[in-house]
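These notes are about the structure you will find just below.
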Amino acid sequence: DAGVIQSPRHEVTEMGQEVTLRCKPISGHDYLFWYRQTMMRGLELLIYFNNNVPIDDSGMPEDRFSAKMPNASFSTLKIQPSEPRDSAVYFCASSLIWGTSGRSDTQYFGPGTRLTVL
Amino acid sequence: AQKITQTQPGMFVQEKEAVTLDCTYDTSDPSYGLFWYKQPSSGEMIFLIYQGSYDQQNATEGRYSLNFQKARKSANLVISASQLGDSAMYFCAMREANTGNQFYFGTGTSLTVIP
């Protein structure tokens, strides 16, 4: 079975440009998560969805960040306008369920998108 | 207080030897799950092993096992017969059943396997 798919794998852009990161979760997983990883802050949860509905976006840094999940197999994370401090690795993850603390809560991560904003 | 603490920023192990990576956690929730992930230099996060708070036995997955000491609130990862491909960052994480929506990650331990 295919795992979580993310694109692009690498993105280099200039400050002020719009950036769109894409994610396809594992089929049948009801939960999708977006994370950001930096050396300074480690892994940070940005937002997560349940059945395509955003549940908790308290980790989204500011209004420049937005995320959508138009259907069960696709999600986007958009940064507009991008800034150098947005440079990080962005991960998408999915899980079968979320909230039981059982094994089915396991989050499976995509390969990540390494974003560099110049 | 930190929910997950990994006190070893870096570890070295000889190839074919066993190594233990430490993880302690802090929770008052009686129901929780503990997870270990591996992040090689290529960047992906790979799920390794899960331990539930009510599990009576330590989890094992191939060469990975979890030394779960509930009273001490520790969930150490043991890698047996280390291989060069085990060189990576290792993250411990926790999910509480009844409090919050977070998946708490530790800061990670960098493991280097020496040939």
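Letters A, B, ... mark the chains of the structure tokens in the order given; residue numbers begin at 1 per chain; ligand numbers begin at 1, in order shown.
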Contacts of Thr20 in chain A at 12 Å (only C-alpha atoms; same-chain gap of 4+ positions) as a list in words = Gln6, Ser7, Pro8, Arg9, His10, Glu11, Val12, Thr13, Arg64, Phe65, Ser66, Ala67, Lys68, Ser75, Thr76, Leu77, Lys78, Ile79, Gln80, Pro81, Ser82, Tyr90, Thr113 and Leu115 of chain A
Members of chain A assigned strand (DSSP E) by DSSP, as number ranges by chain = A: 5-7, 10-13, 19-24, 31-38, 42-50, 53-56, 65-71, 74-79, 88-95, 108-109, 113-117
Distance table requested - chain B against chain A, cut-off 7 Å, only C-alpha atoms: one row per qualifying residue with the closest atom pair and its distance in Å to one decimal, ordered by chain and rising residue number, as JSON lines.
{"residue": "B:Ser31", "atom": "CA", "partner": "A:Ser101", "partner_atom": "CA", "distance": 6.8}
{"residue": "B:Tyr32", "atom": "CA", "partner": "A:Ser101", "partner_atom": "CA", "distance": 5.0}
{"residue": "B:Gly33", "atom": "CA", "partner": "A:Ser101", "partner_atom": "CA", "distance": 4.8}
{"residue": "B:Gly43", "atom": "CA", "partner": "A:Pro111", "partner_atom": "CA", "distance": 6.7}
{"residue": "B:Glu44", "atom": "CA", "partner": "A:Pro111", "partner_atom": "CA", "distance": 4.4}
{"residue": "B:Met45", "atom": "CA", "partner": "A:Phe109", "partner_atom": "CA", "distance": 5.7}
{"residue": "B:Ile46", "atom": "CA", "partner": "A:Phe109", "partner_atom": "CA", "distance": 7.0}
{"residue": "B:Phe47", "atom": "CA", "partner": "A:Tyr108", "partner_atom": "CA", "distance": 6.7}
{"residue": "B:Tyr50", "atom": "CA", "partner": "A:Arg103", "partner_atom": "CA", "distance": 6.4}
{"residue": "B:Gly52", "atom": "CA", "partner": "A:Gly102", "partner_atom": "CA", "distance": 6.3}
{"residue": "B:Arg95", "atom": "CA", "partner": "A:Ser101", "partner_atom": "CA", "distance": 5.4}
{"residue": "B:Glu96", "atom": "CA", "partner": "A:Ser101", "partner_atom": "CA", "distance": 5.7}
{"residue": "B:Ala97", "atom": "CA", "partner": "A:Ser101", "partner_atom": "CA", "distance": 4.8}
{"residue": "B:Thr107", "atom": "CA", "partner": "A:Gly42", "partner_atom": "CA", "distance": 6.5}
Determine, counting only C-alpha atoms, which protein, DNA and RNA residues have an atom within 12 Å of an atom of Met69 in chain A; residues of the same chain fewer than 5 positions away are not included. Present the result as a list in words.
-> Leu21, Arg22, Cys23, Lys24, Pro25, Asp30, Tyr31, Leu32, Phe33, Trp34, Ile47, Tyr48, Phe49, Asn50, Asn51, Asn52, Val53, Pro54, Ile55, Phe74, Ser75, Thr76, Leu77 and Lys78 of chain A
Using DSSP on the backbone coordinates, identify the residues of chain A assigned to helix (DSSP H, G or I); present them as a ChimeraX atom specification.
-> /A:84-86,103-105
Residue contacts of Thr60 in chain B (10 Å, only C-alpha atoms) excluding same-chain residues fewer than 6 positions away, as a PyMOL selection string = chain B and resi 48-51+66-67+77-78
Just the residues within 10 Å of Glu17 in chain B, please, counting only C-alpha atoms, with nothing from its chain fewer than 6 positions along; format it as a list of chain:residue names.
->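 That gives B:Ile79, B:Ser80, B:Ala81, B:Ser82, B:Gln83, B:Val113, B:Ile114.
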Rows by chain and residue number, range 51-112 of chain B within 10 Å of range 1-13 of chain B, shortest pair, only C-alpha atoms, as a tab-separated table:
residue	atom	partner	partner_atom	distance
B:Lys73	CA	B:Ile4	CA	9.9
B:Ser74	CA	B:Thr5	CA	9.4
B:Asn76	CA	B:Gln6	CA	9.5
B:Ala81	CA	B:Val13	CA	9.9
B:Ser82	CA	B:Val13	CA	7.4
B:Gln83	CA	B:Val13	CA	9.4
B:Leu84	CA	B:Val13	CA	9.7
B:Asp86	CA	B:Val13	CA	9.9
B:Ser87	CA	B:Phe12	CA	9.0
B:Met89	CA	B:Gly10	CA	8.8
B:Tyr90	CA	B:Gln6	CA	9.5
B:Phe91	CA	B:Gln6	CA	8.1
B:Cys92	CA	B:Ile4	CA	7.1
B:Ala93	CA	B:Ile4	CA	6.7
B:Met94	CA	B:Ile4	CA	7.2
B:Arg95	CA	B:Lys3	CA	9.9
B:Phe103	CA	B:Lys3	CA	9.9
B:Tyr104	CA	B:Lys3	CA	6.5
B:Phe105	CA	B:Ile4	CA	6.2
B:Gly106	CA	B:Ile4	CA	4.9
B:Thr107	CA	B:Gln6	CA	6.3
B:Gly108	CA	B:Gln6	CA	6.1
B:Thr109	CA	B:Pro9	CA	4.7
B:Ser110	CA	B:Gly10	CA	4.5
B:Leu111	CA	B:Met11	CA	4.8
B:Thr112	CA	B:Phe12	CA	4.9
In Å, with one decimal, what is the gap from CA of Ile26 in chain A to CA of Tyr37 in chain B?
->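 So the answer is 17.7 Å.
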What is the CA of Asp86 in chain A to CA of Ile5 in chain A distance in Å?
->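 Computing it gives 21.2 Å between the two atoms.
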When you draw a straight line from CA of Leu118 in chain A to CA of Cys92 in chain A, how long is it in Å?
-> 22.9 Å
